[in-house]
Amino acid sequence: MATTIAFFDTTATEKVAFQRYFTGSKFKLHFFSETINEVPPYKYKDVDIISVFTPSNVDNAILAHLPNLQYITVRATGTNNVDLVACKKRKVAVSNVPAYGQVTVAEYTIMLMLMMVRKMPAVLDAVDEGQIIYRKLTGHTLHGKTIGIIGTGKIGISVAIICKALGMHVVAHDTMPNLPLQKKVGFSYLHLDDLLQGADIVSLHAPLTASTNYLINKKTLGLMSQHAILINTARGELVNTLDLIEALKNKVIAGAALDVVEGERGIDVDTESELLLLNKRSAFELAEADILSKMKNVIISPHNAFNSFEALHIIRKTSAQNIHGFLNDKLQNLVKPA
């Protein structure tokens with residue numbers, strides 16, 4: 001009997017790639033460009049395996065429609081969009097792609113840092129307006145500055161290595177410190193409060209969990225220096241957006257560069273009918289993102305740090321390997337409930 005696999009959130013390129021990874025009569029493939037939440041369940045109710053990207057929310061209600069489901073592979077590192085507890089109860093294994101962002105997200109993080117300290121939004125505006133006033137465009141170097149990295153997984157460590165090469169002083173915070181890498185790379189672990197108080201730049205690379213939700217809030221923002229910059233290329237929900245807006249307006253911190261924000265799916269909403277479909281929470285988050293996008297000391301990008309040809313190749317290849325590993329009783333990259 002053929003193994004039925006459904007891929008959600010897929011592009012045309014991904015469809016072609018996965019068709020090459022799963023050939024022959026052993027596989028029955030379904031491809032959907034939409035999220036799993038936007039596709040009627042009857043179209044995929046008999047699947048054995050699903051593959052999703054971050055916009056798809058695989059909760060208990062979705063799982064209830066999938067009596068044959070045995071395995072989920074998430075085409076990302078973060079799996080907060082999958083109810084891992086419900087999956088465990090239903091004996092559904094879950095895997096992710098743990099290392100694809102090690103280079104691409106780290107490089108993007110450095111780009112955002114440079115854009116902020118060298119005032120690139122103002123520089124580009126000045127060029128567009130044809131009014132170059134250099135004293136208004138004077139920025140800072142990264143060399144000699146202190147970066148505080150929250151989360152020292154693969155991406156956080158890659159950021160630390162690049163920052164060391166740029167001559168920065170690196171401090172970090174993690175609930176599970178990697179002491180061998182601390183010594184090898186040359187950074188120091190600090191208590192979160194000490195990191196926030198001493199860093200010129202705070203860069204978020206922690207997973208989204210119950211304990212990290214709104215890690216950056218009114219209290220923690222208040223610990224940061226007035227000249228400090230916040231960078232977030234991890235998960236939008238690590239930051240309380242309303243508290244961040246207030247902190248930026250009141251000059252509690254100097255600026256923020258955000259590749260992820262709360263309710264970021266709403267950023268693509270551009271028609272009145274789509275707006276009407278948003279629930280109150282989503283509409284509120286969309287309004288917050290709109291406020292941030294208009295602030296002169298903020299850079300927002302659309303969850304784009306992952307988006308390099310090299311990283312996308314790793315995501316597709318690893319996801320296919322995850323599925324083949326599951327089918328051959330060689331599970332890899334398993335994710336379990338915290």
# chains A, B, ... in the order shown; residues from 1 in each chain; ligands from 1

call {"tool": "residues_around", "arguments": {"residues": "Ala93 (chain A)", "least_positions_apart": "6", "cutoff": "7 Å", "atoms": "only C-alpha atoms", "output": "PDB file with N, CA and C atoms, in the first residue's frame"}}
result
ATOM      1  N   GLN A  70       0.774   9.356  11.224  1.00  0.00           N
ATOM      2  CA  GLN A  70       1.824   8.738  12.027  1.00  0.00           C
ATOM      3  C   GLN A  70       3.024   9.654  12.246  1.00  0.00           C
ATOM      4  N   TYR A  71       3.179  10.641  11.359  1.00  0.00           N
ATOM      5  CA  TYR A  71       4.436  11.392  11.377  1.00  0.00           C
ATOM      6  C   TYR A  71       4.233  12.794  10.814  1.00  0.00           C
ATOM      7  N   ILE A  72       4.898  13.770  11.447  1.00  0.00           N
ATOM      8  CA  ILE A  72       4.897  15.158  10.973  1.00  0.00           C
ATOM      9  C   ILE A  72       6.338  15.614  10.854  1.00  0.00           C
ATOM     10  N   CYS A  87       0.347  15.411  19.938  1.00  0.00           N
ATOM     11  CA  CYS A  87       0.977  14.433  19.043  1.00  0.00           C
ATOM     12  C   CYS A  87       1.472  13.220  19.824  1.00  0.00           C
TER      13      CYS A  87
END

call {"tool": "select_by_dssp", "arguments": {"residues": "region 55-94 of chain A", "states": "strand (DSSP E or B)", "output": "list in words"}}
result
Val58, Tyr71, Ile72, Thr73, Val74, Val82, Ala93 and Val94 of chain A

call {"tool": "write_last_selection", "arguments": {"atoms": "C-alpha atoms", "output": "PDB file, in the first residue's frame"}}
result
ATOM      1  CA  VAL A  58      -1.236  21.721  13.736  1.00  0.00           C
ATOM      2  CA  TYR A  71       4.436  11.392  11.377  1.00  0.00           C
ATOM      3  CA  ILE A  72       4.897  15.158  10.973  1.00  0.00           C
ATOM      4  CA  THR A  73       7.992  16.840   9.601  1.00  0.00           C
ATOM      5  CA  VAL A  74       8.190  20.590  10.146  1.00  0.00           C
ATOM      6  CA  VAL A  82       2.624  21.962  16.383  1.00  0.00           C
ATOM      7  CA  ALA A  93       6.229  11.433  15.832  1.00  0.00           C
ATOM      8  CA  VAL A  94       7.452  14.948  14.990  1.00  0.00           C
TER       9      VAL A  94
END

call {"tool": "residues_around", "arguments": {"residues": "region 30-32 of chain A", "least_positions_apart": "3", "cutoff": "8 Å", "atoms": "only C-alpha atoms", "output": "ChimeraX atom specification"}}
result
/A:4-10,15,35,39,44

call {"tool": "select_by_dssp", "arguments": {"residues": "region 3-251 of chain A", "states": "alpha helix (DSSP H)", "output": "mmCIF file with N, CA and C atoms, in the first residue's frame"}}
result
data_model
loop_
_atom_site.group_PDB
_atom_site.id
_atom_site.type_symbol
_atom_site.label_atom_id
_atom_site.label_comp_id
_atom_site.auth_asym_id
_atom_site.auth_seq_id
_atom_site.Cartn_x
_atom_site.Cartn_y
_atom_site.Cartn_z
ATOM 1 N N ALA A 12 5.923 26.182 -5.856
ATOM 2 C CA ALA A 12 6.082 25.337 -7.042
ATOM 3 C C ALA A 12 7.448 24.659 -7.044
ATOM 4 N N THR A 13 8.471 25.379 -6.590
ATOM 5 C CA THR A 13 9.823 24.813 -6.537
ATOM 6 C C THR A 13 9.890 23.658 -5.554
ATOM 7 N N GLU A 14 9.254 23.833 -4.407
ATOM 8 C CA GLU A 14 9.246 22.756 -3.412
ATOM 9 C C GLU A 14 8.521 21.529 -3.950
ATOM 10 N N LYS A 15 7.428 21.744 -4.655
ATOM 11 C CA LYS A 15 6.677 20.618 -5.208
ATOM 12 C C LYS A 15 7.548 19.780 -6.134
ATOM 13 N N VAL A 16 8.280 20.455 -7.011
ATOM 14 C CA VAL A 16 9.163 19.743 -7.944
ATOM 15 C C VAL A 16 10.237 18.977 -7.172
ATOM 16 N N ALA A 17 10.811 19.621 -6.159
ATOM 17 C CA ALA A 17 11.880 18.985 -5.389
ATOM 18 C C ALA A 17 11.370 17.738 -4.667
ATOM 19 N N PHE A 18 10.222 17.855 -4.006
ATOM 20 C CA PHE A 18 9.712 16.718 -3.253
ATOM 21 C C PHE A 18 9.237 15.588 -4.169
ATOM 22 N N GLN A 19 8.782 15.919 -5.357
ATOM 23 C CA GLN A 19 8.421 14.873 -6.324
ATOM 24 C C GLN A 19 9.638 14.062 -6.727
ATOM 25 N N ARG A 20 10.800 14.705 -6.736
ATOM 26 C CA ARG A 20 12.037 13.987 -7.060
ATOM 27 C C ARG A 20 12.486 13.114 -5.896
ATOM 28 N N TYR A 21 12.225 13.576 -4.667
ATOM 29 C CA TYR A 21 12.626 12.806 -3.491
ATOM 30 C C TYR A 21 11.723 11.590 -3.252
ATOM 31 N N ASN A 60 -4.807 20.232 18.148
ATOM 32 C CA ASN A 60 -5.571 19.013 18.421
ATOM 33 C C ASN A 60 -6.781 18.879 17.492
ATOM 34 N N ALA A 61 -7.373 20.017 17.110
ATOM 35 C CA ALA A 61 -8.522 19.985 16.206
ATOM 36 C C ALA A 61 -8.126 19.447 14.834
ATOM 37 N N ILE A 62 -6.961 19.834 14.356
ATOM 38 C CA ILE A 62 -6.461 19.320 13.077
ATOM 39 C C ILE A 62 -6.142 17.838 13.198
ATOM 40 N N LEU A 63 -5.473 17.472 14.272
ATOM 41 C CA LEU A 63 -5.090 16.071 14.465
ATOM 42 C C LEU A 63 -6.317 15.158 14.514
ATOM 43 N N LEU A 84 2.788 19.476 20.390
ATOM 44 C CA LEU A 84 3.619 18.295 20.616
ATOM 45 C C LEU A 84 3.018 17.357 21.662
ATOM 46 N N VAL A 85 2.339 17.912 22.631
ATOM 47 C CA VAL A 85 1.706 17.082 23.661
ATOM 48 C C VAL A 85 0.593 16.242 23.050
ATOM 49 N N ALA A 86 -0.230 16.879 22.220
ATOM 50 C CA ALA A 86 -1.318 16.146 21.559
ATOM 51 C C ALA A 86 -0.760 15.083 20.623
ATOM 52 N N CYS A 87 0.347 15.411 19.938
ATOM 53 C CA CYS A 87 0.977 14.433 19.043
ATOM 54 C C CYS A 87 1.472 13.220 19.824
ATOM 55 N N LYS A 88 2.079 13.477 20.968
ATOM 56 C CA LYS A 88 2.581 12.375 21.787
ATOM 57 C C LYS A 88 1.437 11.461 22.227
ATOM 58 N N LYS A 89 0.316 12.047 22.635
ATOM 59 C CA LYS A 89 -0.842 11.259 23.060
ATOM 60 C C LYS A 89 -1.376 10.394 21.928
ATOM 61 N N GLY A 101 19.244 27.179 9.566
ATOM 62 C CA GLY A 101 19.399 28.618 9.759
ATOM 63 C C GLY A 101 20.731 29.028 10.331
ATOM 64 N N GLN A 102 21.596 28.074 10.556
ATOM 65 C CA GLN A 102 22.861 28.354 11.233
ATOM 66 C C GLN A 102 23.653 29.451 10.537
ATOM 67 N N VAL A 103 23.657 29.454 9.231
ATOM 68 C CA VAL A 103 24.385 30.472 8.472
ATOM 69 C C VAL A 103 23.446 31.577 8.008
ATOM 70 N N THR A 104 22.340 31.194 7.367
ATOM 71 C CA THR A 104 21.501 32.201 6.724
ATOM 72 C C THR A 104 20.866 33.167 7.722
ATOM 73 N N VAL A 105 20.373 32.662 8.851
ATOM 74 C CA VAL A 105 19.749 33.548 9.844
ATOM 75 C C VAL A 105 20.814 34.364 10.576
ATOM 76 N N ALA A 106 21.959 33.740 10.841
ATOM 77 C CA ALA A 106 23.041 34.468 11.499
ATOM 78 C C ALA A 106 23.514 35.641 10.640
ATOM 79 N N GLU A 107 23.701 35.410 9.350
ATOM 80 C CA GLU A 107 24.136 36.488 8.455
ATOM 81 C C GLU A 107 23.088 37.592 8.376
ATOM 82 N N TYR A 108 21.830 37.199 8.335
ATOM 83 C CA TYR A 108 20.741 38.177 8.267
ATOM 84 C C TYR A 108 20.724 39.024 9.540
ATOM 85 N N THR A 109 20.975 38.389 10.666
ATOM 86 C CA THR A 109 21.035 39.107 11.940
ATOM 87 C C THR A 109 22.119 40.172 11.907
ATOM 88 N N ILE A 110 23.275 39.810 11.412
ATOM 89 C CA ILE A 110 24.379 40.772 11.313
ATOM 90 C C ILE A 110 24.006 41.909 10.370
ATOM 91 N N MET A 111 23.334 41.585 9.256
ATOM 92 C CA MET A 111 22.891 42.623 8.327
ATOM 93 C C MET A 111 21.979 43.624 9.027
ATOM 94 N N LEU A 112 21.027 43.125 9.816
ATOM 95 C CA LEU A 112 20.114 44.021 10.528
ATOM 96 C C LEU A 112 20.869 44.894 11.529
ATOM 97 N N MET A 113 21.852 44.314 12.205
ATOM 98 C CA MET A 113 22.663 45.102 13.135
ATOM 99 C C MET A 113 23.359 46.246 12.419
ATOM 100 N N LEU A 114 23.993 45.920 11.303
ATOM 101 C CA LEU A 114 24.720 46.936 10.547
ATOM 102 C C LEU A 114 23.788 48.019 10.020
ATOM 103 N N MET A 115 22.626 47.599 9.540
ATOM 104 C CA MET A 115 21.664 48.580 9.039
ATOM 105 C C MET A 115 21.222 49.537 10.139
ATOM 106 N N MET A 116 21.065 49.018 11.355
ATOM 107 C CA MET A 116 20.637 49.867 12.455
ATOM 108 C C MET A 116 21.752 50.815 12.905
ATOM 109 N N VAL A 117 22.953 50.288 13.142
ATOM 110 C CA VAL A 117 24.002 51.156 13.700
ATOM 111 C C VAL A 117 24.525 52.158 12.674
ATOM 112 N N MET A 120 20.963 52.937 8.048
ATOM 113 C CA MET A 120 20.653 52.720 6.639
ATOM 114 C C MET A 120 19.262 53.174 6.220
ATOM 115 N N PRO A 121 18.213 53.021 7.041
ATOM 116 C CA PRO A 121 16.912 53.563 6.616
ATOM 117 C C PRO A 121 16.981 55.061 6.343
ATOM 118 N N ALA A 122 17.667 55.800 7.221
ATOM 119 C CA ALA A 122 17.807 57.244 7.023
ATOM 120 C C ALA A 122 18.684 57.557 5.814
ATOM 121 N N VAL A 123 19.726 56.758 5.606
ATOM 122 C CA VAL A 123 20.603 56.948 4.448
ATOM 123 C C VAL A 123 19.814 56.769 3.150
ATOM 124 N N LEU A 124 19.019 55.705 3.076
ATOM 125 C CA LEU A 124 18.242 55.436 1.863
ATOM 126 C C LEU A 124 17.189 56.509 1.634
ATOM 127 N N ASP A 125 16.559 56.974 2.727
ATOM 128 C CA ASP A 125 15.584 58.061 2.607
ATOM 129 C C ASP A 125 16.248 59.335 2.079
ATOM 130 N N ALA A 126 17.435 59.611 2.566
ATOM 131 C CA ALA A 126 18.148 60.816 2.139
ATOM 132 C C ALA A 126 18.471 60.768 0.644
ATOM 133 N N VAL A 127 18.870 59.587 0.181
ATOM 134 C CA VAL A 127 19.158 59.425 -1.253
ATOM 135 C C VAL A 127 17.888 59.612 -2.075
ATOM 136 N N ASP A 128 16.792 59.010 -1.633
ATOM 137 C CA ASP A 128 15.516 59.146 -2.346
ATOM 138 C C ASP A 128 15.060 60.599 -2.412
ATOM 139 N N GLU A 129 15.264 61.331 -1.308
ATOM 140 C CA GLU A 129 14.820 62.719 -1.247
ATOM 141 C C GLU A 129 15.823 63.694 -1.860
ATOM 142 N N LYS A 154 22.415 26.733 17.672
ATOM 143 C CA LYS A 154 23.293 26.814 16.502
ATOM 144 C C LYS A 154 23.342 28.224 15.914
ATOM 145 N N ILE A 155 22.186 28.891 15.823
ATOM 146 C CA ILE A 155 22.162 30.235 15.241
ATOM 147 C C ILE A 155 22.826 31.229 16.185
ATOM 148 N N GLY A 156 22.471 31.170 17.451
ATOM 149 C CA GLY A 156 23.060 32.085 18.415
ATOM 150 C C GLY A 156 24.580 31.975 18.467
ATOM 151 N N ILE A 157 25.085 30.748 18.428
ATOM 152 C CA ILE A 157 26.543 30.550 18.432
ATOM 153 C C ILE A 157 27.167 31.094 17.144
ATOM 154 N N SER A 158 26.501 30.897 16.002
ATOM 155 C CA SER A 158 27.025 31.440 14.743
ATOM 156 C C SER A 158 27.099 32.960 14.793
ATOM 157 N N VAL A 159 26.082 33.577 15.373
ATOM 158 C CA VAL A 159 26.104 35.035 15.542
ATOM 159 C C VAL A 159 27.270 35.438 16.442
ATOM 160 N N ALA A 160 27.490 34.698 17.501
ATOM 161 C CA ALA A 160 28.592 34.997 18.418
ATOM 162 C C ALA A 160 29.937 34.934 17.711
ATOM 163 N N ILE A 161 30.126 33.917 16.872
ATOM 164 C CA ILE A 161 31.403 33.747 16.154
ATOM 165 C C ILE A 161 31.641 34.931 15.210
ATOM 166 N N ILE A 162 30.608 35.336 14.472
ATOM 167 C CA ILE A 162 30.760 36.466 13.550
ATOM 168 C C ILE A 162 31.039 37.750 14.323
ATOM 169 N N CYS A 163 30.324 37.936 15.429
ATOM 170 C CA CYS A 163 30.505 39.154 16.213
ATOM 171 C C CYS A 163 31.911 39.225 16.819
ATOM 172 N N LYS A 164 32.440 38.088 17.248
ATOM 173 C CA LYS A 164 33.818 38.065 17.736
ATOM 174 C C LYS A 164 34.790 38.487 16.641
ATOM 175 N N ALA A 165 34.531 38.002 15.413
ATOM 176 C CA ALA A 165 35.400 38.354 14.285
ATOM 177 C C ALA A 165 35.317 39.847 13.966
ATOM 178 N N LEU A 179 28.836 25.263 27.910
ATOM 179 C CA LEU A 179 30.113 25.687 28.484
ATOM 180 C C LEU A 179 31.319 25.388 27.591
ATOM 181 N N PRO A 180 31.366 24.233 26.906
ATOM 182 C CA PRO A 180 32.501 24.001 26.005
ATOM 183 C C PRO A 180 32.589 25.052 24.887
ATOM 184 N N LEU A 181 31.437 25.413 24.314
ATOM 185 C CA LEU A 181 31.451 26.422 23.254
ATOM 186 C C LEU A 181 31.731 27.811 23.810
ATOM 187 N N LEU A 192 20.209 37.081 32.871
ATOM 188 C CA LEU A 192 19.488 37.873 31.876
ATOM 189 C C LEU A 192 19.495 39.358 32.218
ATOM 190 N N ASP A 193 19.252 39.705 33.475
ATOM 191 C CA ASP A 193 19.209 41.121 33.862
ATOM 192 C C ASP A 193 20.544 41.806 33.600
ATOM 193 N N ASP A 194 21.648 41.113 33.912
ATOM 194 C CA ASP A 194 22.980 41.695 33.698
ATOM 195 C C ASP A 194 23.263 41.873 32.218
ATOM 196 N N LEU A 195 22.847 40.900 31.415
ATOM 197 C CA LEU A 195 23.034 41.008 29.968
ATOM 198 C C LEU A 195 22.294 42.220 29.421
ATOM 199 N N LEU A 196 21.039 42.372 29.804
ATOM 200 C CA LEU A 196 20.223 43.471 29.288
ATOM 201 C C LEU A 196 20.785 44.824 29.692
ATOM 202 N N GLN A 197 21.290 44.922 30.888
ATOM 203 C CA GLN A 197 21.816 46.197 31.373
ATOM 204 C C GLN A 197 23.109 46.607 30.684
ATOM 205 N N GLY A 198 23.899 45.623 30.240
ATOM 206 C CA GLY A 198 25.217 45.952 29.707
ATOM 207 C C GLY A 198 25.368 45.912 28.207
ATOM 208 N N LYS A 218 7.862 45.078 29.268
ATOM 209 C CA LYS A 218 8.103 46.398 29.861
ATOM 210 C C LYS A 218 9.242 46.362 30.872
ATOM 211 N N LYS A 219 9.245 45.326 31.702
ATOM 212 C CA LYS A 219 10.276 45.231 32.730
ATOM 213 C C LYS A 219 11.658 45.015 32.127
ATOM 214 N N THR A 220 11.776 44.048 31.222
ATOM 215 C CA THR A 220 13.101 43.749 30.665
ATOM 216 C C THR A 220 13.578 44.858 29.723
ATOM 217 N N LEU A 221 12.658 45.484 29.002
ATOM 218 C CA LEU A 221 13.044 46.623 28.165
ATOM 219 C C LEU A 221 13.573 47.762 29.036
ATOM 220 N N GLY A 222 12.964 47.918 30.219
ATOM 221 C CA GLY A 222 13.392 48.971 31.127
ATOM 222 C C GLY A 222 14.795 48.779 31.670
ATOM 223 N N LEU A 223 15.295 47.549 31.610
ATOM 224 C CA LEU A 223 16.662 47.274 32.061
ATOM 225 C C LEU A 223 17.703 47.667 31.020
ATOM 226 N N THR A 241 4.764 43.208 21.901
ATOM 227 C CA THR A 241 4.840 44.272 20.914
ATOM 228 C C THR A 241 4.377 45.610 21.471
ATOM 229 N N LEU A 242 3.312 45.596 22.232
ATOM 230 C CA LEU A 242 2.804 46.855 22.786
ATOM 231 C C LEU A 242 3.825 47.488 23.719
ATOM 232 N N ASP A 243 4.473 46.664 24.531
ATOM 233 C CA ASP A 243 5.518 47.182 25.422
ATOM 234 C C ASP A 243 6.695 47.733 24.622
ATOM 235 N N LEU A 244 7.031 47.063 23.525
ATOM 236 C CA LEU A 244 8.126 47.542 22.678
ATOM 237 C C LEU A 244 7.783 48.886 22.047
ATOM 238 N N ILE A 245 6.560 49.026 21.556
ATOM 239 C CA ILE A 245 6.134 50.300 20.958
ATOM 240 C C ILE A 245 6.279 51.433 21.967
ATOM 241 N N GLU A 246 5.807 51.186 23.189
ATOM 242 C CA GLU A 246 5.901 52.213 24.226
ATOM 243 C C GLU A 246 7.357 52.543 24.540
ATOM 244 N N ALA A 247 8.199 51.514 24.594
ATOM 245 C CA ALA A 247 9.617 51.725 24.892
ATOM 246 C C ALA A 247 10.295 52.549 23.795
ATOM 247 N N LEU A 248 9.935 52.290 22.549
ATOM 248 C CA LEU A 248 10.520 53.040 21.435
ATOM 249 C C LEU A 248 10.016 54.483 21.407
ATOM 250 N N LYS A 249 8.724 54.658 21.650
ATOM 251 C CA LYS A 249 8.151 56.008 21.673
ATOM 252 C C LYS A 249 8.754 56.856 22.787
#

call {"tool": "residues_around", "arguments": {"residues": "region 137-141 of chain A", "least_positions_apart": "2", "cutoff": "8 Å", "atoms": "only C-alpha atoms", "output": "NGL selection string"}}
result
:A and (117-119 or 122-123 or 133-135 or 143-145)

call {"tool": "residues_around", "arguments": {"residues": "Asp259 (chain A)", "least_positions_apart": "6", "cutoff": "7 Å", "atoms": "only C-alpha atoms", "output": "PyMOL selection string"}}
result
chain A and resi 232-233+300-305

call {"tool": "atom_distance", "arguments": {"atom1": "CA of Gln226 (chain A)", "atom2": "CA of Val252 (chain A)"}}
result
5.1 Å

call {"tool": "closest_residue", "arguments": {"among": "A:Thr146, A:Thr209, A:Ser188, A:Ser51", "to": "Asn80 (chain A)", "atoms": "only C-alpha atoms"}}
result
A:Thr209
